[in-house]
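Just below is one structure, and these are the notes that go with it.
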Amino acid sequence: MTATGLSVELAQERMLALLAPLPTETMPVEKARGRYLASPLVASRTQPPADLSAMDGYATAGDGPWQRVGESRCGEPYNGNLAPGQCVRISTGAILPAGSQAILIQENAHVEGGAITATQPVEAGRHIRRKGFEFEAGDQLLAAGTRIAPAQMALVRAAGQAEIETSRRPRLAILDCGDELSSDPAQCAVHQIPASNAAMLEALAAGLAGTVERHPPLPDRLDNIVVALEAHRDADMLILTGGASVGDHDLIRPALEKIGARLDFWKVAMKPGKPLMVARHDSQIILGLPGNPVSAFVTGFLFMLPGLRKLAGAAECLPTRLLLPLAEELGPGGARREFLRARWTEGGLVPMGEQDSSALSSLAAADALVDRPAHCDASAAGVHVPCYILPSGRIA
């Protein structure tokens with residue numbers, strides 16, 4: 001580790017290496033949204049289970065004209081066999097009767113009495129969804145570690161499964177530290193500021209953490225911090241904000257040493273968020289995040305969330321990095337890798353004018369973090385730059 005700290009990638013790698021998925025539990029798939037599969041999803045049925053019509057119209061056998069002999073509807077198939085010159089009325093998704101060769105779609109059918117003729121040529125095999133075209137029983141459909149979102153939920157049920165096995169959600173505890181913090185935003189003396197980091201991080205972790213405990217703001221007293229650390233020993237992940245730097249009142253590191261936690265690394269070569277601390281206390285992972293709210297958010301996004309995903313059983317833990325165009329020129333990079341708040345516009349990304357690590361207003365207006373390498377050259381408008389999409393007021 002250099003004097004400036006680990007690279008972001010190495011720090012993330014080292015933190016994730018300290019973690020393992022939590023024990024598993026089985027639950028109805030309808031209650032598993034946001035969870036991660038603990039084992040692969042294997043189909044127990046074939047989809048579709050039979051040849052189906054992809055359109056409304058007529059299932060036909062042989063050349064026309066055809067004599068209608070019945071109907072096949074969804075949930076109520078025609079049970080006979082079609083002989084050449086016969087057809088049945090058929091609905092989209094209904095099972096094709098035995099002997100069917102083609103689908104005459106409704107728009108191309110001329111009906112006169114019981115006789116059906118085609119106004120356009122009928123192509124054999126068209127508009128038919130063949131049995132098993134999507135998957136067959138025994139096929140693996142989703143890998144272990146896949147997140148269950150609405151589409152995956154539907155696929156699980158389509159595969160014939162009512163329940164899934166998933167790692168339990170992590171227990172998270174968040175502690176804000178600092179003499180200047182007031183727990184009541186409406187009651188702040190001139191020497192105080194509202195405590196906002198814990199509420200912000202709890203909201204950021206929504207959907208990943210099973211339970212979240214927020215401790216009242218802690219004063220800069222070593223004994224108080226130690227007592228709070230011990231009080232939250234049952235948390236799978238413990239977050240502290242503030243007190244992770246090198247000032248006289250930055251007490252997170254000595255508090256961790258006092259409870260016997262093992263410090264894995266301290267300082268990451270990034271801005272904002274350099275004084276990030278990661279430690280282990282038995283099976284508990286402890287993250288010491290900077291106290292400035294934007295620094296706490298950025299490190300929470302890049303470290304807390306990946307850690308929670310790993311505990312929850314995710315296969316892919318890191319946030320997705322995209323390339324998006326700049327709407328205006330961006331100047332050269334600084335001495336450290338920077339994560340710049342930016343807003344998405346019709347013309348592309350516009351970095352916020354205020355990038356101070358205490359400026360919550362620009363964070364609240366941001367839709368993305370632009371990942372800016374140290375010492376990089378200026379980027380012209382229209383150039384695609386790496387960035388992370390943030391949960392924001394405009395983008396969920």
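Chain identifiers are assigned as A, B, and so on, following the order in which chains appear in the structure tokens; residues are numbered from 1 within each chain, and ligands are numbered from 1 in order of appearance.
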Note to self: So that I can see what lies close to Arg129 of chain A, please list as a PyMOL selection string the residues with an atom at most 9 Å from it, counting only C-alpha atoms and leaving out residues fewer than 6 positions away in the same chain.
What the structure shows: chain A and resi 48+50-54+93
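Residues in contact range of Gln152 of chain A, defined as at most 10 Å between only C-alpha atoms, with sequence neighbours fewer than 3 positions away removed, read Val29, Arg33, Leu141, Leu142, Thr146, Arg147, Ile148, Ala149, Leu155, Val156, Arg157 and Ala158 of chain A.
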Can you write just those residues out, N, CA and C atoms, as a PDB file, in the first residue's frame?
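Result went into again-v4.pdb, see below:
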ATOM      1  N   VAL A  29     -41.029 -17.830  -3.828  1.00  0.00           N
ATOM      2  CA  VAL A  29     -40.354 -16.927  -4.760  1.00  0.00           C
ATOM      3  C   VAL A  29     -40.985 -15.539  -4.747  1.00  0.00           C
ATOM      4  N   ARG A  33     -37.982 -11.194  -3.842  1.00  0.00           N
ATOM      5  CA  ARG A  33     -37.500 -10.119  -4.709  1.00  0.00           C
ATOM      6  C   ARG A  33     -36.280  -9.451  -4.084  1.00  0.00           C
ATOM      7  N   LEU A 141     -31.441 -22.712 -15.911  1.00  0.00           N
ATOM      8  CA  LEU A 141     -31.966 -21.453 -16.421  1.00  0.00           C
ATOM      9  C   LEU A 141     -31.312 -20.237 -15.798  1.00  0.00           C
ATOM     10  N   LEU A 142     -30.946 -20.309 -14.535  1.00  0.00           N
ATOM     11  CA  LEU A 142     -30.291 -19.204 -13.847  1.00  0.00           C
ATOM     12  C   LEU A 142     -29.145 -19.748 -13.019  1.00  0.00           C
ATOM     13  N   THR A 146     -27.614 -15.280  -8.979  1.00  0.00           N
ATOM     14  CA  THR A 146     -28.451 -14.389  -9.781  1.00  0.00           C
ATOM     15  C   THR A 146     -29.445 -13.659  -8.881  1.00  0.00           C
ATOM     16  N   ARG A 147     -29.611 -12.368  -9.112  1.00  0.00           N
ATOM     17  CA  ARG A 147     -30.572 -11.580  -8.335  1.00  0.00           C
ATOM     18  C   ARG A 147     -31.985 -11.829  -8.846  1.00  0.00           C
ATOM     19  N   ILE A 148     -32.902 -11.989  -7.911  1.00  0.00           N
ATOM     20  CA  ILE A 148     -34.298 -12.221  -8.268  1.00  0.00           C
ATOM     21  C   ILE A 148     -35.014 -10.882  -8.407  1.00  0.00           C
ATOM     22  N   ALA A 149     -35.237 -10.484  -9.641  1.00  0.00           N
ATOM     23  CA  ALA A 149     -36.041  -9.315  -9.984  1.00  0.00           C
ATOM     24  C   ALA A 149     -37.368  -9.842 -10.554  1.00  0.00           C
ATOM     25  N   LEU A 155     -39.712 -16.358 -14.232  1.00  0.00           N
ATOM     26  CA  LEU A 155     -39.015 -17.505 -14.808  1.00  0.00           C
ATOM     27  C   LEU A 155     -38.950 -18.665 -13.823  1.00  0.00           C
ATOM     28  N   VAL A 156     -38.711 -18.359 -12.547  1.00  0.00           N
ATOM     29  CA  VAL A 156     -38.691 -19.415 -11.529  1.00  0.00           C
ATOM     30  C   VAL A 156     -40.015 -20.164 -11.523  1.00  0.00           C
ATOM     31  N   ARG A 157     -41.117 -19.428 -11.535  1.00  0.00           N
ATOM     32  CA  ARG A 157     -42.432 -20.072 -11.515  1.00  0.00           C
ATOM     33  C   ARG A 157     -42.690 -20.826 -12.824  1.00  0.00           C
ATOM     34  N   ALA A 158     -42.288 -20.233 -13.946  1.00  0.00           N
ATOM     35  CA  ALA A 158     -42.460 -20.917 -15.227  1.00  0.00           C
ATOM     36  C   ALA A 158     -41.675 -22.219 -15.271  1.00  0.00           C
TER      37      ALA A 158
END
Next item on the list: Please measure the separation of atom CA of Asp282 of chain A and atom CA of Gly307 of chain A, giving the value in Å to one decimal.
Entry: 16.0 Å
Next item on the list: Find the residues near segment 17-25 of chain A: any atom within 8 Å, counting only C-alpha atoms, skip ones fewer than 5 places away on the same chain, and give them as a VMD selection string.
Entry: chain A and resid 38 165 to 170 280 285 307 310 to 314
Notebook entry, point to check: Taking into account only C-alpha atoms, which residue in the set A:Ile90, A:Gly57, A:Asn292, A:Glu76 is nearest to Gln106 of chain A?
Noted result: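 Ranked by minimum distance to Gln106 of chain A, first place goes to A:Gly57.
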Margin query: Report as a PyMOL selection string all protein, DNA and RNA residues lying within 6 Å of Asp176 of chain A, evaluated on only C-alpha atoms, omitting residues in the same chain fewer than 3 positions from it.
Written below: chain A and resi 217+240-241
Check: If you run DSSP on the backbone, which residues of segment 225-326 of chain A are helix (DSSP H, G or I), as a PyMOL selection string?
Finding: chain A and resi 225-231+252-259+293-311
List as JSON lines every residue of segment 242-326 of chain A that is in contact with segment 333-343 of chain A, defined as an atom at most 10 Å from one of its atoms (using only C-alpha atoms), together with the nearest atom pair and the distance in Å rounded to one decimal, sorted by chain and then rising number.
{"residue": "A:Val268", "atom": "CA", "partner": "A:Arg337", "partner_atom": "CA", "distance": 9.7}
{"residue": "A:Ala269", "atom": "CA", "partner": "A:Arg336", "partner_atom": "CA", "distance": 6.2}
{"residue": "A:Met270", "atom": "CA", "partner": "A:Arg337", "partner_atom": "CA", "distance": 4.8}
{"residue": "A:Lys271", "atom": "CA", "partner": "A:Glu338", "partner_atom": "CA", "distance": 4.7}
{"residue": "A:Pro272", "atom": "CA", "partner": "A:Glu338", "partner_atom": "CA", "distance": 6.7}
{"residue": "A:Gly273", "atom": "CA", "partner": "A:Glu338", "partner_atom": "CA", "distance": 9.4}
{"residue": "A:Lys274", "atom": "CA", "partner": "A:Arg336", "partner_atom": "CA", "distance": 9.3}
{"residue": "A:Val294", "atom": "CA", "partner": "A:Arg341", "partner_atom": "CA", "distance": 9.4}
{"residue": "A:Ser295", "atom": "CA", "partner": "A:Phe339", "partner_atom": "CA", "distance": 9.8}
{"residue": "A:Val298", "atom": "CA", "partner": "A:Phe339", "partner_atom": "CA", "distance": 7.8}
{"residue": "A:Leu326", "atom": "CA", "partner": "A:Ala342", "partner_atom": "CA", "distance": 9.6}
Note to self: Just the number, please: distance in Å from atom CA of Leu349 of chain A to atom CA of Asp377 of chain A, one decimal.
What the structure shows: 17.4 Å
Next item on the list: Have a look at A:Gly138, A:Gly114, A:Trp66, A:Ile128 and name the one nearest to Leu96 of chain A; count only C-alpha atoms.
Entry: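 So, comparing all the options, the nearest one is A:Ile128.
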Next item on the list: Apply DSSP to the backbone of this structure and, from segment 10-176 of chain A, keep only the residues in strand (DSSP E or B); write these as JSON, numbers by chain.
Entry: {"A": [24, 25, 26, 27, 28, 36, 37, 41, 42, 47, 52, 53, 57, 58, 59, 60, 66, 67, 68, 69, 70, 71, 72, 73, 76, 81, 86, 87, 88, 89, 90, 95, 98, 102, 103, 104, 105, 109, 110, 111, 112, 115, 116, 117, 118, 128, 129, 135, 140, 141, 142, 147, 163, 164, 165, 166, 167, 171, 172, 173, 174, 175, 176]}
Checklist line | Top pick for closest residue to Ser392 of chain A, considering A:Ala144, A:Ala368, A:Ala32, A:Ala162 and counting only C-alpha atoms | finding: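 That would be A:Ala368, the residue with the smallest distance to Ser392 of chain A.
When atom CA of Ala198 of chain A is paired with atom CA of Leu218 of chain A, their separation reads 11.6 Å.
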Check: Hey, which of A:Leu104, A:Gln161, A:Phe297, A:Ala59 ends up closest to Ala199 of chain A? Count only C-alpha atoms.
Finding: A:Phe297
Next item on the list: Name the closest residue to Met237 of chain A among the candidates A:Arg253, A:Arg73, A:Lys267, A:His281; distances are taken between atoms, counting only C-alpha atoms.
Entry: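 Using only C-alpha atoms, Met237 of chain A sits closest to A:His281.
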Item checked: All residues 7 Å or closer to Gly132 of chain A, only C-alpha atoms, same chain fewer than 5 positions away omitted, as a list in words ->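 Residues near the query, excluding close chain neighbours: Thr46, Gln47, Pro48 and Pro49 of chain A.
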Let me see the file: selected residues, N, CA and C atoms, as a CSV table (one decimal), in the first residue's frame.
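Writing the result to selection_13.csv gives the following:
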chain,number,residue,atom,x,y,z
A,46,THR,N,-41.1,-28.5,-18.9
A,46,THR,CA,-40.8,-28.1,-20.3
A,46,THR,C,-41.6,-26.9,-20.7
A,47,GLN,N,-41.0,-25.9,-21.3
A,47,GLN,CA,-41.8,-24.7,-21.7
A,47,GLN,C,-41.5,-24.3,-23.2
A,48,PRO,N,-42.6,-24.3,-24.0
A,48,PRO,CA,-43.9,-24.7,-23.7
A,48,PRO,C,-44.0,-26.2,-23.6
A,49,PRO,N,-45.1,-26.7,-22.9
A,49,PRO,CA,-45.2,-28.1,-22.7
A,49,PRO,C,-45.7,-28.9,-23.9
Check: If we count only C-alpha atoms, what is near segment 179-193 of chain A at a cut-off of 10 Å, once residues fewer than 3 positions away on the same chain are taken out, given as a VMD selection string?
Finding: chain A and resid 176 196 215 to 221 249
